$ cat upload30.cif   # mmCIF, C-alpha atoms and all ligand atoms
data_coords
#
loop_
_atom_site.label_atom_id
_atom_site.label_comp_id
_atom_site.auth_asym_id
_atom_site.auth_seq_id
_atom_site.Cartn_x
_atom_site.Cartn_y
_atom_site.Cartn_z
CA MET A 5 -32.48 6.11 6.56
CA ILE A 6 -29.20 4.30 7.01
CA PRO A 7 -27.32 3.90 3.67
CA VAL A 8 -27.08 0.41 2.15
CA SER A 9 -23.30 0.52 2.55
CA LEU A 10 -23.73 0.67 6.32
CA ARG A 11 -26.60 -1.75 6.98
CA GLN A 12 -24.40 -4.74 7.75
CA SER A 13 -21.45 -2.68 8.97
CA ALA A 14 -19.91 -2.51 12.43
CA LEU A 15 -19.65 1.23 11.77
CA ALA A 16 -23.44 1.70 11.70
CA PRO A 17 -23.59 3.00 15.32
CA ILE A 18 -21.06 5.70 14.38
CA TYR A 19 -23.26 6.75 11.47
CA GLU A 20 -26.26 6.94 13.84
CA LYS A 21 -24.26 9.20 16.15
CA VAL A 22 -23.31 11.52 13.30
CA VAL A 23 -26.84 11.94 11.95
CA SER A 24 -28.32 12.45 15.41
CA GLY A 25 -25.71 15.05 16.43
CA VAL A 26 -23.89 12.96 19.04
CA ARG A 27 -20.18 13.75 19.25
CA LEU A 28 -17.80 10.96 18.24
CA ASP A 29 -15.21 9.82 20.76
CA THR A 30 -11.64 8.85 20.01
CA SER A 31 -12.43 5.14 19.71
CA ASP A 32 -15.03 5.96 17.03
CA ALA A 33 -12.43 8.06 15.21
CA LEU A 34 -9.90 5.23 15.40
CA GLN A 35 -12.39 2.74 13.96
CA LEU A 36 -12.99 5.11 11.05
CA MET A 37 -9.30 5.83 10.55
CA GLN A 38 -8.62 2.06 10.41
CA GLY A 39 -11.79 1.11 8.52
CA VAL A 40 -11.20 -1.14 5.52
CA ASP A 41 -14.68 -0.53 4.10
CA LEU A 42 -14.15 2.81 2.35
CA ASN A 43 -17.80 3.02 1.30
CA ALA A 44 -18.92 2.81 4.91
CA VAL A 45 -16.35 5.30 6.23
CA GLY A 46 -17.04 7.64 3.31
CA SER A 47 -20.79 7.54 3.97
CA ILE A 48 -20.17 8.65 7.54
CA GLY A 49 -17.90 11.53 6.48
CA ASP A 50 -20.45 12.48 3.86
CA ALA A 51 -23.25 12.49 6.43
CA MET A 52 -21.34 14.97 8.58
CA ARG A 53 -20.56 17.10 5.52
CA ARG A 54 -24.24 17.26 4.63
CA ARG A 55 -25.19 18.04 8.23
CA LEU A 56 -22.81 21.01 8.32
CA ASN A 57 -22.77 22.26 4.73
CA GLY A 58 -25.74 20.87 2.82
CA ASP A 59 -25.08 20.61 -0.89
CA ARG A 60 -22.58 23.45 -1.27
CA ALA A 61 -18.90 22.97 -2.05
CA SER A 62 -16.50 25.87 -2.31
CA TYR A 63 -13.25 27.10 -3.82
CA ILE A 64 -11.35 30.38 -3.65
CA LEU A 65 -9.50 32.51 -6.20
CA ASN A 66 -6.15 32.82 -4.47
CA ALA A 67 -2.42 32.93 -5.11
CA TYR A 68 0.55 31.54 -3.22
CA ILE A 69 3.71 33.58 -2.76
CA ASN A 70 6.80 32.12 -1.08
CA TYR A 71 9.06 35.02 -0.09
CA SER A 72 12.09 32.80 0.48
CA ASN A 73 13.04 29.16 1.03
CA TYR A 74 16.13 29.90 3.11
CA CYS A 75 15.62 28.34 6.53
CA ILE A 76 17.68 27.99 9.68
CA LEU A 77 15.96 24.66 10.47
CA SER A 78 16.40 21.33 8.70
CA CYS A 79 13.14 19.44 9.19
CA GLN A 80 13.77 15.95 7.86
CA PHE A 81 10.57 15.82 5.80
CA CYS A 82 11.10 19.19 4.11
CA ALA A 83 12.13 19.34 0.44
CA PHE A 84 11.51 23.09 0.22
CA SER A 85 14.16 24.68 2.43
CA ARG A 86 17.69 25.59 1.45
CA LYS A 87 20.78 26.93 3.21
CA LYS A 88 22.56 29.96 1.79
CA ARG A 89 25.60 27.75 1.20
CA ASN A 90 23.56 25.45 -1.10
CA GLY A 91 23.50 28.15 -3.74
CA ASP A 92 20.10 27.12 -5.13
CA GLY A 93 17.74 28.89 -2.73
CA PHE A 94 15.71 31.98 -3.44
CA GLU A 95 14.50 35.13 -1.75
CA LEU A 96 12.28 37.82 -3.20
CA THR A 97 12.66 41.52 -2.61
CA LEU A 98 9.73 43.49 -1.26
CA ASP A 99 9.26 45.03 -4.71
CA GLU A 100 9.14 41.60 -6.34
CA ILE A 101 6.57 40.41 -3.80
CA VAL A 102 4.40 43.45 -4.43
CA VAL A 103 4.61 42.95 -8.21
CA LYS A 104 3.61 39.29 -7.83
CA GLY A 105 0.78 40.23 -5.46
CA GLN A 106 -0.57 42.95 -7.76
CA ALA A 107 -0.44 40.62 -10.78
CA ALA A 108 -2.42 37.98 -8.86
CA VAL A 109 -4.99 40.53 -7.72
CA ASN A 110 -5.31 41.81 -11.29
CA ARG A 111 -6.12 38.23 -12.35
CA GLY A 112 -8.90 38.12 -9.75
CA ALA A 113 -7.24 36.61 -6.66
CA THR A 114 -9.04 37.67 -3.48
CA GLU A 115 -6.50 36.08 -1.12
CA LEU A 116 -2.69 36.01 -1.01
CA HIS A 117 -1.33 33.04 0.89
CA ILE A 118 2.26 33.80 1.91
CA VAL A 119 4.76 31.63 3.76
CA GLY A 120 8.50 31.02 3.71
CA GLY A 121 11.36 29.41 5.59
CA LEU A 122 12.85 30.84 8.78
CA HIS A 123 15.19 33.27 7.09
CA PRO A 124 18.65 33.56 8.72
CA SER A 125 18.96 37.35 8.61
CA LEU A 126 15.78 39.26 7.71
CA PRO A 127 14.59 41.37 10.68
CA PHE A 128 10.98 41.37 11.95
CA SER A 129 10.56 44.88 10.52
CA TRP A 130 10.98 43.41 6.99
CA TYR A 131 7.92 41.17 7.47
CA LEU A 132 5.88 44.06 8.86
CA GLU A 133 6.83 46.13 5.83
CA MET A 134 5.88 43.27 3.49
CA VAL A 135 2.42 43.05 5.04
CA ARG A 136 1.99 46.86 4.93
CA ALA A 137 3.05 46.99 1.28
CA LEU A 138 0.66 44.20 0.27
CA GLY A 139 -2.10 45.90 2.23
CA ARG A 140 -1.81 48.85 -0.18
CA LEU A 141 -2.67 46.72 -3.25
CA GLU A 142 -5.85 47.65 -5.12
CA PRO A 143 -8.24 45.99 -4.76
CA ARG A 144 -6.93 44.93 -1.38
CA PRO A 145 -6.58 41.14 -1.09
CA HIS A 146 -7.06 39.21 2.12
CA LEU A 147 -3.58 38.60 3.53
CA LYS A 148 -3.28 35.07 4.87
CA CYS A 149 0.33 34.79 5.91
CA PHE A 150 2.78 32.82 8.05
CA THR A 151 2.68 29.51 9.85
CA ALA A 152 2.99 29.14 13.60
CA ILE A 153 6.73 28.47 13.43
CA GLU A 154 7.27 31.71 11.47
CA ALA A 155 5.36 33.64 14.16
CA LEU A 156 7.58 32.06 16.83
CA HIS A 157 10.66 32.88 14.75
CA PHE A 158 9.59 36.54 14.59
CA SER A 159 9.16 36.53 18.35
CA ARG A 160 12.67 35.14 18.79
CA ILE A 161 14.42 37.51 16.38
CA SER A 162 12.57 40.60 17.64
CA LYS A 163 12.77 39.55 21.30
CA LEU A 164 9.11 40.53 21.59
CA PRO A 165 6.43 38.37 23.24
CA LEU A 166 4.43 36.28 20.77
CA GLU A 167 1.26 38.23 21.50
CA THR A 168 2.99 41.52 20.69
CA VAL A 169 4.34 40.08 17.44
CA LEU A 170 0.86 38.97 16.40
CA GLU A 171 -0.64 42.33 17.39
CA GLN A 172 1.96 44.21 15.36
CA LEU A 173 1.37 41.97 12.34
CA ARG A 174 -2.37 42.52 12.64
CA GLU A 175 -1.90 46.29 12.89
CA ALA A 176 0.33 46.13 9.78
CA GLY A 177 -2.50 44.42 7.88
CA LEU A 178 -2.28 40.66 8.49
CA ASP A 179 -5.79 39.22 8.15
CA SER A 180 -5.34 35.50 8.88
CA LEU A 181 -2.69 32.97 9.90
CA THR A 182 -2.18 29.90 7.72
CA GLY A 183 -2.62 26.44 9.21
CA GLY A 184 0.65 24.90 8.05
CA GLY A 185 3.32 23.32 10.20
CA ALA A 186 1.03 21.30 12.47
CA GLU A 187 2.37 18.07 10.87
CA ILE A 188 1.53 15.38 13.50
CA PHE A 189 1.46 16.58 17.10
CA ASP A 190 2.91 13.44 18.69
CA ALA A 191 6.35 14.35 20.10
CA GLY A 192 8.06 11.14 18.89
CA VAL A 193 6.80 11.60 15.33
CA ARG A 194 7.78 15.28 15.36
CA ASP A 195 11.27 14.29 16.40
CA ARG A 196 11.51 11.86 13.47
CA ILE A 197 10.18 14.20 10.77
CA ALA A 198 10.72 17.76 12.00
CA ARG A 199 13.35 17.89 14.73
CA GLY A 200 13.90 21.41 16.01
CA LYS A 201 10.50 22.66 14.94
CA GLU A 202 7.99 23.99 17.44
CA SER A 203 6.27 21.53 19.79
CA ALA A 204 2.58 20.71 19.51
CA ASP A 205 1.85 22.94 22.49
CA GLU A 206 3.71 25.82 20.87
CA TRP A 207 1.82 25.38 17.57
CA LEU A 208 -1.48 25.30 19.43
CA ASP A 209 -0.52 28.28 21.57
CA VAL A 210 0.25 30.46 18.53
CA HIS A 211 -3.22 29.75 17.16
CA ARG A 212 -4.85 30.14 20.60
CA THR A 213 -3.19 33.55 21.00
CA TRP A 214 -4.18 34.66 17.49
CA HIS A 215 -7.78 33.53 18.08
CA ARG A 216 -7.86 35.37 21.42
CA LEU A 217 -6.85 38.53 19.55
CA GLY A 218 -9.92 38.04 17.35
CA GLY A 219 -8.07 36.42 14.43
CA ARG A 220 -9.03 33.33 12.48
CA SER A 221 -6.86 30.59 10.99
CA THR A 222 -7.01 27.17 9.41
CA CYS A 223 -5.50 23.94 10.71
CA THR A 224 -3.82 20.99 9.02
CA MET A 225 -2.54 17.45 9.50
CA LEU A 226 0.31 16.01 7.42
CA PHE A 227 -0.46 12.30 7.14
CA GLY A 228 0.94 9.19 5.48
CA HIS A 229 4.56 9.17 6.64
CA VAL A 230 5.66 7.45 9.88
CA GLU A 231 2.61 8.13 12.05
CA THR A 232 0.07 5.58 13.31
CA ALA A 233 -3.71 5.81 13.13
CA GLU A 234 -3.72 6.43 16.89
CA GLN A 235 -1.37 9.40 16.43
CA ARG A 236 -3.64 10.85 13.74
CA VAL A 237 -6.59 10.61 16.12
CA ASP A 238 -4.56 12.23 18.91
CA HIS A 239 -3.72 15.07 16.51
CA LEU A 240 -7.37 15.58 15.59
CA SER A 241 -8.37 15.46 19.28
CA ARG A 242 -6.00 18.31 20.11
CA LEU A 243 -7.33 20.40 17.23
CA ARG A 244 -10.92 19.72 18.31
CA ALA A 245 -10.12 20.65 21.92
CA LEU A 246 -8.61 24.00 20.89
CA GLN A 247 -11.60 24.67 18.66
CA ASP A 248 -13.92 23.99 21.61
CA GLU A 249 -11.95 26.65 23.48
CA THR A 250 -11.64 29.38 20.80
CA SER A 251 -13.88 28.62 17.76
CA GLY A 252 -11.10 30.24 15.75
CA PHE A 253 -10.48 27.60 13.09
CA THR A 254 -12.44 28.17 9.89
CA GLY A 255 -11.39 24.97 8.16
CA PHE A 256 -9.25 21.83 8.29
CA VAL A 257 -6.92 20.56 5.56
CA ALA A 258 -5.59 16.99 5.53
CA LEU A 259 -2.26 17.11 3.67
CA PRO A 260 -1.09 13.83 2.06
CA TYR A 261 2.64 13.41 2.58
CA HIS A 262 4.89 13.50 -0.51
CA PRO A 263 8.11 11.49 -0.15
CA ASP A 264 10.54 12.87 -2.74
CA ASN A 265 13.76 14.81 -2.05
CA ASN A 266 13.81 14.45 1.71
CA GLY A 267 15.16 12.25 4.47
CA ILE A 268 12.12 10.24 5.60
CA PRO A 269 12.12 6.51 4.74
CA VAL A 270 8.74 6.43 2.96
CA ASP A 271 8.78 5.41 -0.69
CA ARG A 272 5.30 6.36 -1.85
CA PRO A 273 2.64 8.89 -0.95
CA PRO A 274 -0.52 7.77 0.87
CA SER A 275 -2.87 5.68 -1.31
CA ALA A 276 -6.14 7.04 -2.68
CA LEU A 277 -7.99 4.83 -0.22
CA ASP A 278 -6.05 6.12 2.77
CA THR A 279 -6.46 9.72 1.63
CA LEU A 280 -10.24 9.44 1.27
CA ARG A 281 -10.57 7.51 4.52
CA THR A 282 -8.51 10.10 6.40
CA ILE A 283 -10.63 12.95 5.06
CA ALA A 284 -13.85 11.11 5.94
CA ALA A 285 -12.71 10.19 9.46
CA SER A 286 -11.46 13.72 10.10
CA ARG A 287 -14.73 15.22 8.86
CA ALA A 288 -16.80 12.99 11.10
CA PHE A 289 -14.66 13.62 14.19
CA LEU A 290 -14.07 17.38 13.84
CA ASP A 291 -17.70 18.30 14.40
CA ASN A 292 -16.82 21.83 15.51
CA ILE A 293 -14.70 22.85 12.51
CA PRO A 294 -17.05 24.08 9.78
CA HIS A 295 -15.16 23.13 6.64
CA VAL A 296 -12.86 20.37 5.38
CA THR A 297 -10.69 20.90 2.32
CA ALA A 298 -9.59 18.32 -0.24
CA TYR A 299 -6.19 19.78 -1.14
CA TRP A 300 -5.88 19.19 -4.88
CA VAL A 301 -2.16 20.09 -4.86
CA GLY A 302 -1.42 17.03 -2.75
CA MET A 303 -3.93 14.56 -4.19
CA GLY A 304 -4.82 15.80 -7.67
CA LEU A 305 -8.11 17.36 -8.70
CA ARG A 306 -9.64 14.02 -9.68
CA LEU A 307 -9.20 12.50 -6.24
CA ALA A 308 -10.17 15.80 -4.59
CA GLN A 309 -13.40 15.62 -6.58
CA VAL A 310 -14.08 12.12 -5.19
CA ALA A 311 -13.34 13.45 -1.70
CA LEU A 312 -16.39 15.72 -2.10
CA SER A 313 -18.49 12.59 -1.50
CA HIS A 314 -16.27 11.46 1.42
CA GLY A 315 -16.60 14.45 3.73
CA ALA A 316 -14.82 17.36 2.02
CA ASP A 317 -16.81 20.46 1.11
CA ASP A 318 -14.01 22.60 -0.30
CA LEU A 319 -11.38 22.28 -3.05
CA HIS A 320 -9.05 25.06 -1.81
CA GLY A 321 -7.97 27.56 -4.45
CA THR A 322 -6.60 28.36 -7.86
CA ILE A 323 -3.13 28.92 -6.22
CA GLU A 324 -1.25 29.74 -9.49
CA GLU A 325 2.26 28.81 -8.30
CA GLU A 326 3.07 26.18 -5.66
CA HIS A 327 6.56 25.23 -4.50
CA ILE A 328 6.37 23.26 -1.26
CA PHE A 329 4.55 20.12 -2.48
CA HIS A 330 6.08 20.23 -5.94
CA MET A 331 9.62 20.24 -4.57
CA ALA A 332 8.55 17.11 -2.61
CA GLY A 333 7.43 15.38 -5.80
CA ALA A 334 3.80 16.37 -6.36
CA GLY A 335 2.96 15.81 -10.02
CA THR A 336 -0.09 18.07 -9.99
CA PRO A 337 -0.27 21.30 -12.03
CA GLN A 338 0.96 24.59 -10.54
CA GLY A 339 -2.55 26.03 -10.52
CA GLN A 340 -6.17 25.27 -11.34
CA THR A 341 -8.61 27.33 -13.34
CA GLU A 342 -11.87 28.44 -11.81
CA ALA A 343 -13.68 26.60 -14.61
CA ALA A 344 -12.01 23.28 -13.70
CA MET A 345 -12.96 23.63 -10.05
CA VAL A 346 -16.54 24.59 -10.81
CA ARG A 347 -16.90 21.65 -13.19
CA ALA A 348 -15.42 19.23 -10.65
CA ILE A 349 -17.95 20.37 -8.03
CA ARG A 350 -20.93 20.22 -10.37
CA GLU A 351 -19.99 16.73 -11.56
CA ALA A 352 -19.88 15.64 -7.92
CA GLY A 353 -23.54 16.65 -7.64
CA LEU A 354 -22.91 19.68 -5.42
CA THR A 355 -23.48 23.40 -5.85
CA PRO A 356 -20.26 25.35 -6.50
CA VAL A 357 -19.64 28.38 -4.31
CA ARG A 358 -16.86 30.89 -4.89
CA ARG A 359 -15.79 31.82 -1.38
CA ASN A 360 -13.58 34.25 0.49
CA THR A 361 -11.06 33.26 3.17
CA PHE A 362 -13.87 32.91 5.72
CA TYR A 363 -15.85 30.59 3.42
CA GLU A 364 -18.45 33.28 2.75
CA VAL A 365 -19.95 33.46 -0.74
CA VAL A 366 -18.33 36.06 -3.03
CA GLY A 367 -19.26 36.50 -6.68
CA ARG A 368 -20.82 33.97 -9.02
CA PRO A 369 -18.99 30.79 -10.01
CA ARG A 370 -17.86 30.95 -13.61
CA GLU A 371 -16.93 28.16 -15.95
CA ASP A 372 -16.90 30.16 -19.16
CA ALA A 373 -13.79 31.04 -21.15
CA ALA A 374 -13.06 33.99 -18.86
CA ALA A 375 -12.77 31.61 -15.91
CA THR A 376 -9.73 29.85 -17.28
CA ARG A 377 -7.18 31.93 -15.42
S1 LIG A 401 9.36 22.70 7.20
FE1 LIG A 401 9.50 24.94 7.41
S2 LIG A 401 10.73 25.22 9.28
FE2 LIG A 401 11.09 23.11 8.61
S3 LIG A 401 12.95 23.19 7.29
FE3 LIG A 401 11.13 23.38 5.94
S4 LIG A 401 10.84 25.59 5.70
FE4 LIG A 401 12.15 25.30 7.51
#
$ encode --input "upload30.cif" --output "structure tokens" --more "lines below"
Ligand code: SF4
Amino acid sequence: MIPVSLRQSALAPIYEKVVSGVRLDTSDALQLMQGVDLNAVGSIGDAMRRRLNGDRASYILNAYINYSNYCILSCQFCAFSRKKRNGDGFELTLDEIVVKGQAAVNRGATELHIVGGLHPSLPFSWYLEMVRALGRLEPRPHLKCFTAIEALHFSRISKLPLETVLEQLREAGLDSLTGGGAEIFDAGVRDRIARGKESADEWLDVHRTWHRLGGRSTCTMLFGHVETAEQRVDHLSRLRALQDETSGFTGFVALPYHPDNNGIPVDRPPSALDTLRTIAASRAFLDNIPHVTAYWVGMGLRLAQVALSHGADDLHGTIEEEHIFHMAGAGTPQGQTEAAMVRAIREAGLTPVRRNTFYEVVGRPREDAAATR
């Protein structure tokens, strides 16, 4: 039965499409992305969430490690990167990375999520050795490392074809690619926020190549800066088209832009309404991507909890130590406890699921004192 919030709404036909399994087109997605009635848009995102994931909502015990924030690029939106001459950057040694990784695994992390800037001098062999060393941790964590631009950087510095780079990383122990760096695919927007970074086609080609090799990855959209609703829909369309081709994306993460300490003329992050609407519209449109994450680092756990009734079915992970959003002004904590995530999911009326990187159930959710790591 059509929800009350949609009975008098112009969006009712889109709801009918979602519940009867008819794919939305780009004009439907644009109506949702521009919808002023959040209840109606949220109901549609929620209907797709239920269709794909029932009453489960997941989280992962994971840890972030940034190996370095030195970067040869200067993306205008980035508050994370530093030049060597700035004197306030960082880079970890392999030993330090292994110690951090082992400590996270000892605390229960099943996934290490590792990215960094495009370092000016480290050779490709250093990254291979990092992956090999982390692959020797006990118990072995899932290694989810590198964005598309890092993979392209490795190809450039090693003078090896991208496919060979990805094969060598996989042989060294890389399990998944991260979904970062997609930003907004529109070329004009990319030029305004991330000049010099890879093009949309290059980002998509890295993931296409990785998927063809049998790998899996996630995908993202950085929203709420200078892009239009049409450009968001174009971005989602390109992700959906690649997923039709490869089925290699396990989940989608909408990343709310944070405006501090960078060169983009935006004075506040996206509103709660825009964040929820974007998640709901994305969920409804991306019918071939199984999971949608509410990224608590960017929006706070409270709003992420509300997003669980607007299309999201995942709260991401415990993380432990986050730099990229916090250097751009995020006021959220550095990490979340398992107990807090489980409670947030239960309060939202859903069944908490502790997952692995592929969203498969692992272990039993815990909200007792031992789950406060
Ligand atoms: S977004 Fe990535 S590639 Fe761009 S400057 Fe920052 S660290 Fe470097």
$ closest_residue --input "upload30.cif" --among "A:Leu305, A:Cys75, A:Ile328, A:Leu217" --to "ligand LIG 401 (chain A)" --atoms "all atoms listed in the file"
A:Cys75
$ closest_atom_pairs --input "upload30.cif" --of "chain A" --to "ligand LIG 401 (chain A)" --cutoff "7 Å" --atoms "all atoms listed in the file" --output "tab-separated table"
residue	atom	partner	partner_atom	distance
A:Asn73	CA	A:LIG401	S4	6.3
A:Cys75	CA	A:LIG401	FE4	4.7
A:Ile76	CA	A:LIG401	FE4	6.5
A:Leu77	CA	A:LIG401	S3	4.6
A:Ser78	CA	A:LIG401	S3	4.2
A:Cys79	CA	A:LIG401	S3	4.2
A:Cys82	CA	A:LIG401	FE3	4.6
A:Ala83	CA	A:LIG401	FE3	6.9
A:Phe84	CA	A:LIG401	FE3	5.7
A:Ser85	CA	A:LIG401	S4	4.7
A:Gly120	CA	A:LIG401	S4	6.2
A:Gly121	CA	A:LIG401	S4	3.9
A:Leu122	CA	A:LIG401	FE4	5.7
A:Ile153	CA	A:LIG401	S2	6.6
A:Gly185	CA	A:LIG401	S1	6.8
A:Ala198	CA	A:LIG401	FE2	6.3
A:Lys201	CA	A:LIG401	S2	6.2
$ atom_distance --input "upload30.cif" --atom1 "CA of Gly200 (chain A)" --atom2 "CA of Glu249 (chain A)"
27.4 Å
$ closest_residue --input "upload30.cif" --among "A:Ser129, A:Thr151, A:Ser286, A:Thr222" --to "His239 (chain A)" --atoms "only C-alpha atoms"
A:Ser286
$ closest_residue --input "upload30.cif" --among "A:Ile48, A:Trp130, A:Phe94, A:Pro143" --to "Asn110 (chain A)" --atoms "all atoms listed in the file"
A:Pro143
$ closest_residue --input "upload30.cif" --among "A:Met331, A:Ala137, A:Ala276, A:Leu319" --to "Leu307 (chain A)" --atoms "all atoms listed in the file"
A:Ala276
$ closest_residue --input "upload30.cif" --among "A:Asp248, A:Asp32, A:Leu65, A:Leu56" --to "Arg370 (chain A)" --atoms "all atoms listed in the file"
A:Leu65
$ residues_around --input "upload30.cif" --residues "Asn43 (chain A)" --least-positions-apart "3" --cutoff "8 Å" --atoms "all atoms listed in the file" --output "PDB file with C-alpha atoms, in the coordinates of the input"
ATOM      1  CA  SER A   9     -23.300   0.520   2.550  1.00  0.00           C
ATOM      2  CA  GLY A  46     -17.040   7.640   3.310  1.00  0.00           C
ATOM      3  CA  SER A  47     -20.790   7.540   3.970  1.00  0.00           C
TER       4      SER A  47
END
